[in-house]
There are 2 protein chains.
Amino acid sequence: MSPKITTELLKQLRQVMKSPKYVQEPVQAYIVPSGDAHQSEYIAPCDCRRAFISGFDGSAGTAIVTEQHAAMWTDGRYFLQAAHQMDNNWTLMKMGLKDTPTQEDWLVSVLPEGSKVGVDPFIIPADQWKRMSKALRSAGHDLVPVKENLIDTIWTDCPQRPCKPLITLDLSYTGVSWRDKIIALRSKMAERKVLWFVVTALDEVAWLFNLRGSDVEYNPVFFAYAVIGMNTIRLFIDGDRMMDPVVREHLQLDSNLEPEFKIQVMPYGSILSELQAVGADLSPKEKVWLSDKASYALTEAIPKAYQYLTPYTPICIAKAVKNASETEGMRRAHIKDAVALCELFNWLEKEVVPKGTVTEIIAADKAEEFRSQQKDFVELSFATISSTGPNGAIIHYKPVPETNRTLSVNEIYLLDSGAQYKDGTTDVTRTMHFGTPSAYEKECFTYVLKGHIAVSAAIFPNGTKGHLLDSFARSALWDCGLDYLHGTGHGVGSFLNVHEGPCGISYKTFADEPLEAGMIVSDEPGYYEDGSFGIRIENVVLVIPAETKYNFKNRGSLTFEPLTLVPIQTKMIDVNLLTQKECDWVNNYHQKCREVIGAELERQGRHEALRWLIRETEPLARVQ
Amino acid sequence: MSPKITTELLKQLRQVMKSPKYVQEPVQAYIVPSGDAHQSEYIAPCDCRRAFISGFDGSAGTAIVTEQHAAMWTDGRYFLQAAHQMDNNWTLMKMGLKDTPTQEDWLVSVLPEGSKVGVDPFIIPADQWKRMSKALRSAGHDLVPVKENLIDTIWTDCPQRPCKPLITLDLSYTGVSWRDKIIALRSKMAERKVLWFVVTALDEVAWLFNLRGSDVEYNPVFFAYAVIGMNTIRLFIDGDRMMDPVVREHLQLDSNLEPEFKIQVMPYGSILSELQAVGADLSPKEKVWLSDKASYALTEAIPKAYQYLTPYTPICIAKAVKNASETEGMRRAHIKDAVALCELFNWLEKEVVPKGTVTEIIAADKAEEFRSQQKDFVELSFATISSTGPNGAIIHYKPVPETNRTLSVNEIYLLDSGAQYKDGTTDVTRTMHFGTPSAYEKECFTYVLKGHIAVSAAIFPNGTKGHLLDSFARSALWDCGLDYLHGTGHGVGSFLNVHEGPCGISYKTFADEPLEAGMIVSDEPGYYEDGSFGIRIENVVLVIPAETKYNFKNRGSLTFEPLTLVPIQTKMIDVNLLTQKECDWVNNYHQKCREVIGAELERQGRHEALRWLIRETEPLARVQ
């Protein structure tokens with residue numbers, strides 16, 4: 001991997017930073033954040049501006065270019081990658097290390113007095129703008145919005161913004177019509193006394209209208225905004241995809257609807273001016289609801305006194321609680337996904353053990369092949385982490401030809417993968433050994449399993465926040481002086497983003513929303529031995545009501561039900577480290593895999609995989 | 001309990017709210033917060049202004065008086081008490097209930113346009129001022145500082161501010177001289193590039209100078225401020241207590257010290273003008289460090305650009321990590337405290353069972369009597385919670401004649417008590433039954449015990465925040481659908497405040513500092529059945545290094561060691577609900593109580609209490 005040569009690009013950027021064609025006054029620094037205008041986690045190629053200017057294409061990083069310097073802030077996951085991908089023009093700022101300055105402090109230290117720092121107001125979230133603007137102002141500088149994105153001005157071969165056809169989802173998938181979602185949203189708006197709601201996150205637009213797209217890889221979303229009033233619905237979207245009769249029918253664009261359900265379709269690029277018009281027309285006490293992570297540009301379109309900002313929007317919260325149709329869809333998707341993985345693991349056992357010709361990339365491709373054979377398969381839900389031996393210890397590893405390793409009987413293999421099906425989204429990690437694991441590997445695996453079970457079987461009162469469960473996943477590891485440096489779980493969308501808010505299971509946040517029945521999260525503790533192996537056991541689990549003796553004085557009890565039904569390799573388990581309760585959990589789980597997935601394998605005529613499943617779900621027995 | 005008649009007082013207050021003698025312009029509302037000028041949890045009688053004006057004397061509450069209204073905000077612990085203590089002039093604002101307005105919202109709803117809201121700038125913390133001022137300003141009102149406290153102007157028989165003699169603590173108690181503490185503080189100041197540090201919390205002043213006082217009940221502190229520069233030390237303190245030759249010697253006031261260790265003693269009331277002088281004399285980039293909870297008055301004395309505010313001061317953090325001398329002192333204090341409790345419980349068994357003449361108040365007094373017989377006893381560390389039957393379910397109960405209940409063989413008795421000894425501070429809760437507990441009572445007690453053990457025996461990596469351990473205390477209760485609505489533990493001072501920051505074990509905070517060896521916290525899960533009983537099991541525990549197999553890749557392992565060594569009533573335990581490990585924990589704990597406290601009881605010739613101890617520490621045996 002050789003670094004991108006950026007000397008010429010930086011020269012061009014520094015020119016446009018001073019060019020009256022693009023900036024009112026010259027800017028002495030220009031910030032290039034990671035995100036897109038919707039603060040998406042996964043972005044389209046046309047939004048990879050930070051990667052374009054620097055060469056560094058990890059998922060998180062902020063570039064700042066001044067007349068003299070170019071610096072890149074990224075976190076521990078990407079120190080190595082960024083160092084490899086960037087040339088000597090760039091200084092790597094290792095976030096999380098004690099001596100690394102914040103972006104603000106660094107800017108203050110390098111800028112001449114009274115400098116202007118430019119940023120694209122569509123890319124920077126309002127809360128971040130606020131923080132940075134305040135810090136710069138107190139040091140005598142100014143953060144200024146630069147309307148035209150300066151990277152785009154020098155990115156001559158910038159790919160076009162994708163504009164792919166839409167998929168409509170009927171009631172059997174969504175359970176609730178878009179019309180009823182609008183009604184529910186308006187009732188939340190009335191509760192909070194707001195007149196307008198601005199939908200800026202792509203998955204929220206998709207969910208609200210029961211539409212899906214493929215503008216961004218892995219995420220079935222499409223570029224759009226929506227502005228919902230008490231009597232109006234405006235959808236900002238480009239392309240001839242709104243000409244599709246199926247979409248028109250779905251949105252009832254040509255029907256004689258009541259005016260308050262009539263969708264006005266407007267160009268994607270007109271959101272700002274339309275929102276400014278809304279803002280200009282407000283009377284005192286009329287409020288506009290936005291996410292506090294919405295872009296500075298859109299937030300500022302509404303005068304401050306009229307802004308109503310919350311960390312989680314009502315759509316984000318409603319979307320997280322899956323209804324019966326969505327839950328059933330998720331169950332179906334997970335059954336299909338398990339069939340594909342049984343096929344894969346059976347195939348791997350046949351290939352790896354005698355032949356030794358399967359690489360990480362081949363295994364990942366094979367997993368995709370088996371998944372794509374399943375009904376309603378759309379695409380993968382994220383880049384497959386197919387990693388063997390030491391690669392498994394790299395938490396966000398993705399095999400590329402330079403690192404591609406061959407699976408063998410001597411190393412642990414970790415596969416973290418998932419797919420988008422029209423009825424649901426999957427995300428599952430299994431850790432396997434095709435030979436004989438060492439006692440230490442089994443020990444670590446068993447602690448991780450104990451943590452996985454501790455979360456999955458936890459019982460807790462209704463309204464508990466997920467972060468309060470995080471330590472349950474670590475307790476067995478902690479007892480032996482082991483830990484893992486990532487959260488334990490994230491929310492999972494229903495044929496939507498594989499990572500979604502507002503709930504999760506992590507020590508890192510305190511602002512998550514309380515868990516309630518119908519929410520879906522992952523449960524994925526791990527253990528990583530640098531240079532040797534990685535272990536992770538991940539199921540997607542559904543929050544369900546639990547039966548408890550005293551039921552929290554009628555507050556209600558919750559627990560989890562695994563939606564993922566893929567055997568956990570018993571060869572890796574040191575049974576004597578399990579309690580009887582944990583052993584029973586594994587056996588019950590495997591019994592359910594055998595019944596549910598076995599029936600589906602049978603139905604699909606996949607007899608060899610069925611035999612593999614039955615072999616892998618033999619009950620464990622503890623030595624008493 | 002009849003309410004305080006406040007009609008006349010409110011009339012007087014409303015007069016001074018308009019009197020040019022006290023306010024530059026009339027204020028339409030006046031806020032009376034709970035605290036004192038040091039944001040203390042426990043306050044002196046002269047600072048109980050909110051209780052004076054309203055009659056409500058709970059530990060938390062804010063009064064606001066307008067020309068028409070008088071309203072009191074308090075939380076769920078005090079709804080009943082506040083309703084009883086206040087007359088009809090007052091409206092109770094029940095915090096935590098959905099429909100209760102915030103103080104800001106309420107003010108905005110009742111005030112005429114363009115109102116002024118007054119508050120004593122010495123009583124309101126700067127962060128609170130900021131929040132409230134912003135909210136009022138955005139509604140067209142003004143929060144204004146009223147220099148003279150308006151309650152004081154009408155409180156004709158206001159008690160004097162206490163000014164009691166000081167106690168000096170030598171190195172055998174503190175382990176570090178005040179001089180070395182100043183050196184360490186200055187090095188922290190240098191690290192952060194601040195020139196001045198303002199000590200506003202009373203326990204921080206006391207800790208820094210190795211002095212103790214008795215100006216506030218239960219807290220061995222004295223009214224003072226300190227301002228530490230890189231070359232100066234200013235102590236703001238009143239009274240002839242600085243004439244005491246022992247104190248003068250301790251502070252080396254009459255020695256020929258290097259100038260940077262020479263303490264300048266100044267009047268308590270001159271802090272503001274001195275700080276303003278410091279503030280006026282600063283050059284650019286010179287900073288003054290204050291707690292962000294310091295009063296608005298003191299914070300504003302320093303121009304904004306020069307303020308360096310942090311949630312926890314370096315003294316708060318240093319004070320939390322006890323050195324060997326402090327730890328040994330805490331151990332000694334807990335041994336003496338256990339002796340007193342063994343005496344008490346032995347006495348209770350003899351009195352309650354056959355005679356039935358012991359009330360909650362008599363039991364509390366007896367506990368104090370036994371404690372006061374111990375060496376270096378100073379006072380109690382908080383008001384004893386002595387509660388039987390349904391009173392035990394009132395978490396912050398304190399027996400008064402109206403509620404005083406007689407202990408019996410039919411009810412659970414909960415005693416939460418502690419003391420200040422010159423070598424340490426104690427806080428212990430035991431829950432006892434003097435007859436035969438029901439199966440349900442034993443079941444609940446055993447779950448609480450399992451939670452207590454889960455925290456006490458937890459192993460976790462160095463740097464873990466206490467809030468991550470909170471759920472361990474609840475897991476056994478949760479499994480049965482039970483919970484308790486308070487945190488699991490708080491920091492404990494060393495012959496200082498029984499509640500101190502910056503660490504603790506609670507689901508309620510995310511801002512606690514990481515636990516490290518030498519910190520001392522309480523471990524006190526509970527269960528409360530309204531109208532029936534309360535259960536709590538509380539030990540004070542010391543954070544110590546743990547031995548683990550893999551030691552978190554040299555990050556280090558921590559666990560807790562109980563300092564409290566008082567038997568946990570085995571009669572209340574359903575042994576079959578314990579795991580073998582938990583059973584072993586109880587037996588090891590009781591073995592240690594028997595050895596350590598037994599030896600001390602023997603030494604003190606308390607043979608009857610020793611026999612009680614031996615009886616109460618018989619090992620449990622699980623039916624296998």
# chains A, B, ... in the order shown; residues from 1 in each chain; ligands from 1

$ interface_residues --of "chain B" --to "chain A" --cutoff "8 Å" --atoms "only C-alpha atoms" --output "ChimeraX atom specification"
/B:305,458-461,468-472,475,478-483,507,510,548-553,556-557

$ residues_around --residues "His38 of chain B" --least-positions-apart "6" --cutoff "9 Å" --atoms "only C-alpha atoms" --output "ChimeraX atom specification"
/B:122-123,125,200-202,223-225,293-295

$ atom_distance --atom1 "atom CA of Asn346 of chain B" --atom2 "atom CA of Glu561 of chain B"
25.7 Å

$ atom_distance --atom1 "atom CA of Ile505 of chain B" --atom2 "atom CA of Thr488 of chain B"
5.3 Å

$ residues_around --residues "Asp281 of chain A" --least-positions-apart "5" --cutoff "12 Å" --atoms "only C-alpha atoms" --output "list in words"
Leu195, Trp196, Glu274, Leu275, Gln276, Glu286, Lys287, Val288, Ala301, Ile302, Pro303 and Tyr306 of chain A

$ residues_around --residues "Gln420 of chain A" --least-positions-apart "4" --cutoff "6 Å" --atoms "only C-alpha atoms" --output "ChimeraX atom specification"
/A:378-381,425,495

$ select_by_dssp --residues "segment 11-233 of chain A" --states "strand (DSSP E)" --output "short mmCIF file (atom, residue, chain, number, x, y, z; two decimals) with N, CA, C and O atoms, in the first residue's frame"
data_model
loop_
_atom_site.label_atom_id
_atom_site.label_comp_id
_atom_site.auth_asym_id
_atom_site.auth_seq_id
_atom_site.Cartn_x
_atom_site.Cartn_y
_atom_site.Cartn_z
N ALA A 29 -7.49 28.32 7.06
CA ALA A 29 -7.56 26.87 7.30
C ALA A 29 -8.87 26.37 6.74
O ALA A 29 -9.86 27.10 6.68
N TYR A 30 -8.85 25.11 6.30
CA TYR A 30 -10.08 24.51 5.77
C TYR A 30 -10.22 23.13 6.39
O TYR A 30 -9.28 22.33 6.39
N ILE A 31 -11.41 22.88 6.94
CA ILE A 31 -11.67 21.61 7.62
C ILE A 31 -12.41 20.68 6.67
O ILE A 31 -13.40 21.08 6.05
N VAL A 32 -11.93 19.43 6.57
CA VAL A 32 -12.61 18.42 5.74
C VAL A 32 -13.04 17.28 6.66
O VAL A 32 -12.26 16.38 6.97
N THR A 62 -10.73 13.41 10.45
CA THR A 62 -10.99 14.79 10.02
C THR A 62 -9.66 15.40 9.56
O THR A 62 -8.66 15.33 10.27
N ALA A 63 -9.69 15.98 8.37
CA ALA A 63 -8.49 16.63 7.83
C ALA A 63 -8.62 18.13 8.01
O ALA A 63 -9.71 18.69 7.88
N ILE A 64 -7.51 18.76 8.35
CA ILE A 64 -7.47 20.23 8.36
C ILE A 64 -6.24 20.68 7.59
O ILE A 64 -5.13 20.22 7.85
N VAL A 65 -6.48 21.56 6.63
CA VAL A 65 -5.39 22.06 5.80
C VAL A 65 -5.24 23.56 6.04
O VAL A 65 -6.23 24.30 5.96
N THR A 66 -4.03 23.98 6.40
CA THR A 66 -3.74 25.41 6.51
C THR A 66 -2.74 25.76 5.41
O THR A 66 -2.37 24.90 4.61
N ALA A 70 -0.87 20.29 6.90
CA ALA A 70 -2.02 19.43 6.62
C ALA A 70 -2.00 18.37 7.70
O ALA A 70 -0.99 17.70 7.91
N ALA A 71 -3.10 18.27 8.44
CA ALA A 71 -3.12 17.36 9.59
C ALA A 71 -4.39 16.52 9.56
O ALA A 71 -5.43 16.95 9.06
N MET A 72 -4.24 15.28 10.07
CA MET A 72 -5.35 14.33 10.04
C MET A 72 -5.57 13.77 11.44
O MET A 72 -4.66 13.19 12.03
N TRP A 73 -6.79 13.97 11.97
CA TRP A 73 -7.15 13.38 13.26
C TRP A 73 -7.90 12.07 13.03
O TRP A 73 -8.90 12.04 12.30
N THR A 74 -7.40 11.00 13.64
CA THR A 74 -8.17 9.75 13.58
C THR A 74 -7.90 8.97 14.87
O THR A 74 -7.03 9.34 15.67
N THR A 91 0.46 15.39 8.66
CA THR A 91 0.81 15.05 10.03
C THR A 91 -0.35 14.24 10.61
O THR A 91 -1.50 14.68 10.54
N LEU A 92 -0.03 13.08 11.19
CA LEU A 92 -1.08 12.25 11.78
C LEU A 92 -1.29 12.67 13.23
O LEU A 92 -0.34 12.72 14.02
N MET A 93 -2.51 12.99 13.57
CA MET A 93 -2.86 13.38 14.94
C MET A 93 -3.59 12.20 15.58
O MET A 93 -4.74 11.92 15.24
N LYS A 94 -2.90 11.54 16.49
CA LYS A 94 -3.44 10.30 17.06
C LYS A 94 -4.38 10.61 18.21
O LYS A 94 -3.95 10.87 19.34
N LYS A 116 -9.39 33.12 9.58
CA LYS A 116 -10.68 32.54 9.25
C LYS A 116 -10.47 31.06 8.96
O LYS A 116 -9.56 30.67 8.24
N VAL A 117 -11.35 30.24 9.56
CA VAL A 117 -11.30 28.79 9.36
C VAL A 117 -12.58 28.41 8.62
O VAL A 117 -13.68 28.67 9.11
N GLY A 118 -12.42 27.83 7.43
CA GLY A 118 -13.59 27.50 6.62
C GLY A 118 -14.02 26.06 6.77
O GLY A 118 -13.21 25.18 7.05
N VAL A 119 -15.31 25.84 6.58
CA VAL A 119 -15.84 24.48 6.56
C VAL A 119 -17.14 24.49 5.77
O VAL A 119 -17.83 25.51 5.70
N ASP A 142 -12.13 33.03 13.57
CA ASP A 142 -13.53 32.89 13.16
C ASP A 142 -13.74 31.60 12.39
O ASP A 142 -12.98 31.32 11.46
N LEU A 143 -14.77 30.85 12.75
CA LEU A 143 -15.18 29.73 11.92
C LEU A 143 -16.19 30.27 10.92
O LEU A 143 -17.17 30.91 11.32
N VAL A 144 -15.93 30.06 9.61
CA VAL A 144 -16.85 30.61 8.62
C VAL A 144 -17.37 29.51 7.70
O VAL A 144 -16.64 28.58 7.34
N PRO A 145 -18.66 29.60 7.35
CA PRO A 145 -19.23 28.61 6.42
C PRO A 145 -18.80 28.94 4.99
O PRO A 145 -18.91 30.10 4.57
N ILE A 167 -36.97 0.98 -3.77
CA ILE A 167 -37.77 -0.21 -3.48
C ILE A 167 -38.91 0.24 -2.58
O ILE A 167 -38.69 0.99 -1.62
N THR A 168 -40.11 -0.18 -2.88
CA THR A 168 -41.23 0.13 -1.98
C THR A 168 -41.48 -1.09 -1.10
O THR A 168 -41.34 -2.23 -1.53
N TRP A 196 -43.07 22.04 12.80
CA TRP A 196 -42.36 21.44 11.66
C TRP A 196 -41.33 20.45 12.18
O TRP A 196 -40.73 20.66 13.22
N PHE A 197 -41.15 19.41 11.39
CA PHE A 197 -40.09 18.47 11.72
C PHE A 197 -39.24 18.25 10.47
O PHE A 197 -39.77 17.99 9.39
N VAL A 198 -37.91 18.36 10.63
CA VAL A 198 -37.00 18.21 9.49
C VAL A 198 -36.30 16.86 9.59
O VAL A 198 -35.61 16.59 10.58
N VAL A 199 -36.49 16.01 8.59
CA VAL A 199 -35.88 14.69 8.59
C VAL A 199 -34.58 14.78 7.81
O VAL A 199 -34.60 15.01 6.59
N LEU A 211 -39.75 3.30 2.13
CA LEU A 211 -38.99 3.17 0.88
C LEU A 211 -37.57 2.73 1.21
O LEU A 211 -37.07 3.00 2.30
N ARG A 212 -36.93 2.07 0.30
CA ARG A 212 -35.52 1.76 0.44
C ARG A 212 -34.81 2.12 -0.86
O ARG A 212 -35.46 2.21 -1.91
N ALA A 224 -32.08 11.95 0.28
CA ALA A 224 -33.33 12.70 0.36
C ALA A 224 -33.40 13.40 1.71
O ALA A 224 -32.72 13.02 2.65
N TYR A 225 -34.20 14.43 1.77
CA TYR A 225 -34.61 15.05 3.04
C TYR A 225 -36.13 15.06 3.05
O TYR A 225 -36.77 14.89 2.01
N ALA A 226 -36.68 15.29 4.21
CA ALA A 226 -38.13 15.53 4.27
C ALA A 226 -38.40 16.61 5.29
O ALA A 226 -37.66 16.76 6.27
N VAL A 227 -39.42 17.39 5.02
CA VAL A 227 -39.87 18.40 5.99
C VAL A 227 -41.36 18.14 6.20
O VAL A 227 -42.15 18.19 5.25
N ILE A 228 -41.70 17.81 7.44
CA ILE A 228 -43.08 17.47 7.75
C ILE A 228 -43.70 18.61 8.56
O ILE A 228 -43.20 18.97 9.62
N GLY A 229 -44.78 19.17 8.02
CA GLY A 229 -45.54 20.16 8.77
C GLY A 229 -46.81 19.51 9.31
O GLY A 229 -47.06 18.32 9.06
N ILE A 233 -46.39 17.76 3.64
CA ILE A 233 -45.29 16.79 3.60
C ILE A 233 -44.44 17.15 2.40
O ILE A 233 -44.94 17.15 1.27
#

$ residues_around --residues "Met243 of chain A" --least-positions-apart "4" --cutoff "12 Å" --atoms "only C-alpha atoms" --output "PDB file with N, CA and C atoms, in the first residue's frame"
ATOM      1  N   PRO A 165     -32.679   3.437  -8.332  1.00  0.00           N
ATOM      2  CA  PRO A 165     -34.128   3.209  -8.183  1.00  0.00           C
ATOM      3  C   PRO A 165     -34.496   2.872  -6.736  1.00  0.00           C
ATOM      4  N   LEU A 166     -35.751   3.140  -6.406  1.00  0.00           N
ATOM      5  CA  LEU A 166     -36.234   2.883  -5.057  1.00  0.00           C
ATOM      6  C   LEU A 166     -36.969   1.545  -4.965  1.00  0.00           C
ATOM      7  N   ILE A 237     -35.939  15.073  -3.139  1.00  0.00           N
ATOM      8  CA  ILE A 237     -35.287  13.905  -3.735  1.00  0.00           C
ATOM      9  C   ILE A 237     -35.079  14.150  -5.215  1.00  0.00           C
ATOM     10  N   ASP A 238     -33.963  13.670  -5.750  1.00  0.00           N
ATOM     11  CA  ASP A 238     -33.628  13.913  -7.147  1.00  0.00           C
ATOM     12  C   ASP A 238     -33.870  12.681  -8.017  1.00  0.00           C
ATOM     13  N   GLY A 239     -33.809  12.921  -9.310  1.00  0.00           N
ATOM     14  CA  GLY A 239     -33.763  11.826 -10.250  1.00  0.00           C
ATOM     15  C   GLY A 239     -35.138  11.423 -10.737  1.00  0.00           C
ATOM     16  N   VAL A 247     -43.471   3.508  -7.341  1.00  0.00           N
ATOM     17  CA  VAL A 247     -43.200   4.489  -6.286  1.00  0.00           C
ATOM     18  C   VAL A 247     -44.344   5.501  -6.201  1.00  0.00           C
ATOM     19  N   ARG A 248     -44.814   5.958  -7.360  1.00  0.00           N
ATOM     20  CA  ARG A 248     -45.908   6.950  -7.363  1.00  0.00           C
ATOM     21  C   ARG A 248     -47.159   6.385  -6.697  1.00  0.00           C
ATOM     22  N   GLU A 249     -47.419   5.132  -7.006  1.00  0.00           N
ATOM     23  CA  GLU A 249     -48.574   4.451  -6.415  1.00  0.00           C
ATOM     24  C   GLU A 249     -48.394   4.334  -4.900  1.00  0.00           C
ATOM     25  N   HIS A 250     -47.168   3.904  -4.515  1.00  0.00           N
ATOM     26  CA  HIS A 250     -46.869   3.711  -3.088  1.00  0.00           C
ATOM     27  C   HIS A 250     -47.056   5.015  -2.307  1.00  0.00           C
ATOM     28  N   LEU A 251     -46.568   6.101  -2.882  1.00  0.00           N
ATOM     29  CA  LEU A 251     -46.667   7.393  -2.192  1.00  0.00           C
ATOM     30  C   LEU A 251     -47.989   8.102  -2.504  1.00  0.00           C
ATOM     31  N   LEU A 253     -48.923   9.576  -5.128  1.00  0.00           N
ATOM     32  CA  LEU A 253     -48.636  10.918  -5.647  1.00  0.00           C
ATOM     33  C   LEU A 253     -49.719  11.406  -6.595  1.00  0.00           C
ATOM     34  N   ASP A 254     -50.402  10.457  -7.229  1.00  0.00           N
ATOM     35  CA  ASP A 254     -51.387  10.867  -8.219  1.00  0.00           C
ATOM     36  C   ASP A 254     -52.812  10.680  -7.712  1.00  0.00           C
ATOM     37  N   VAL A 265     -43.164  16.679  -3.891  1.00  0.00           N
ATOM     38  CA  VAL A 265     -41.808  16.245  -4.222  1.00  0.00           C
ATOM     39  C   VAL A 265     -41.015  17.442  -4.732  1.00  0.00           C
TER      40      VAL A 265
END

$ select_by_dssp --residues "segment 164-327 of chain B" --states "alpha helix (DSSP H)" --output "count of residues only"
59

$ atom_distance --atom1 "atom CA of Leu10 of chain A" --atom2 "atom CA of Glu113 of chain A"
22.4 Å

$ closest_residue --among "B:Ser386, B:Ser34, B:Asn89, B:Thr100" --to "Thr6 of chain B" --atoms "only C-alpha atoms"
B:Asn89

$ residues_around --residues "segment 48-51 of chain B" --least-positions-apart "6" --cutoff "10 Å" --atoms "only C-alpha atoms" --output "VMD selection string"
chain B and resid 4 31 to 36 42 57 to 64 72 85 to 86 149 to 152 155 158 to 159

$ decode --residues "segment 431-436 of chain A" --atoms "all heavy atoms" --output "mmCIF file, in the first residue's frame"
data_model
loop_
_atom_site.group_PDB
_atom_site.id
_atom_site.type_symbol
_atom_site.label_atom_id
_atom_site.label_comp_id
_atom_site.auth_asym_id
_atom_site.auth_seq_id
_atom_site.Cartn_x
_atom_site.Cartn_y
_atom_site.Cartn_z
ATOM 1 N N THR A 431 -16.679 -17.540 15.705
ATOM 2 C CA THR A 431 -15.242 -17.771 15.786
ATOM 3 C C THR A 431 -15.034 -19.283 15.797
ATOM 4 O O THR A 431 -15.612 -19.966 16.626
ATOM 5 C CB THR A 431 -14.698 -17.134 17.081
ATOM 6 O OG1 THR A 431 -15.076 -15.757 17.093
ATOM 7 C CG2 THR A 431 -13.193 -17.257 17.152
ATOM 8 N N MET A 432 -14.244 -19.785 14.852
ATOM 9 C CA MET A 432 -14.133 -21.239 14.665
ATOM 10 C C MET A 432 -12.667 -21.653 14.666
ATOM 11 O O MET A 432 -11.789 -20.887 14.275
ATOM 12 C CB MET A 432 -14.670 -21.675 13.298
ATOM 13 C CG MET A 432 -15.854 -20.942 12.759
ATOM 14 S SD MET A 432 -17.400 -21.645 13.337
ATOM 15 C CE MET A 432 -17.404 -23.236 12.502
ATOM 16 N N HIS A 433 -12.467 -22.896 15.018
ATOM 17 C CA HIS A 433 -11.154 -23.491 14.839
ATOM 18 C C HIS A 433 -11.354 -24.759 14.017
ATOM 19 O O HIS A 433 -12.198 -25.574 14.343
ATOM 20 C CB HIS A 433 -10.517 -23.805 16.196
ATOM 21 C CG HIS A 433 -9.021 -23.878 16.129
ATOM 22 N ND1 HIS A 433 -8.365 -24.847 15.406
ATOM 23 C CD2 HIS A 433 -8.060 -23.099 16.674
ATOM 24 C CE1 HIS A 433 -7.053 -24.658 15.512
ATOM 25 N NE2 HIS A 433 -6.842 -23.596 16.272
ATOM 26 N N PHE A 434 -10.572 -24.908 12.933
ATOM 27 C CA PHE A 434 -10.748 -26.077 12.072
ATOM 28 C C PHE A 434 -9.796 -27.191 12.455
ATOM 29 O O PHE A 434 -9.815 -28.272 11.876
ATOM 30 C CB PHE A 434 -10.584 -25.697 10.598
ATOM 31 C CG PHE A 434 -11.596 -24.679 10.167
ATOM 32 C CD1 PHE A 434 -11.235 -23.363 9.921
ATOM 33 C CD2 PHE A 434 -12.929 -25.036 10.050
ATOM 34 C CE1 PHE A 434 -12.174 -22.426 9.546
ATOM 35 C CE2 PHE A 434 -13.887 -24.105 9.677
ATOM 36 C CZ PHE A 434 -13.506 -22.793 9.428
ATOM 37 N N GLY A 435 -8.909 -26.917 13.427
ATOM 38 C CA GLY A 435 -8.028 -27.964 13.937
ATOM 39 C C GLY A 435 -8.308 -28.164 15.408
ATOM 40 O O GLY A 435 -9.452 -28.319 15.812
ATOM 41 N N THR A 436 -7.230 -28.120 16.198
ATOM 42 C CA THR A 436 -7.385 -28.317 17.634
ATOM 43 C C THR A 436 -6.972 -27.043 18.357
ATOM 44 O O THR A 436 -5.799 -26.674 18.358
ATOM 45 C CB THR A 436 -6.494 -29.492 18.106
ATOM 46 O OG1 THR A 436 -6.809 -30.623 17.293
ATOM 47 C CG2 THR A 436 -6.744 -29.816 19.575
#
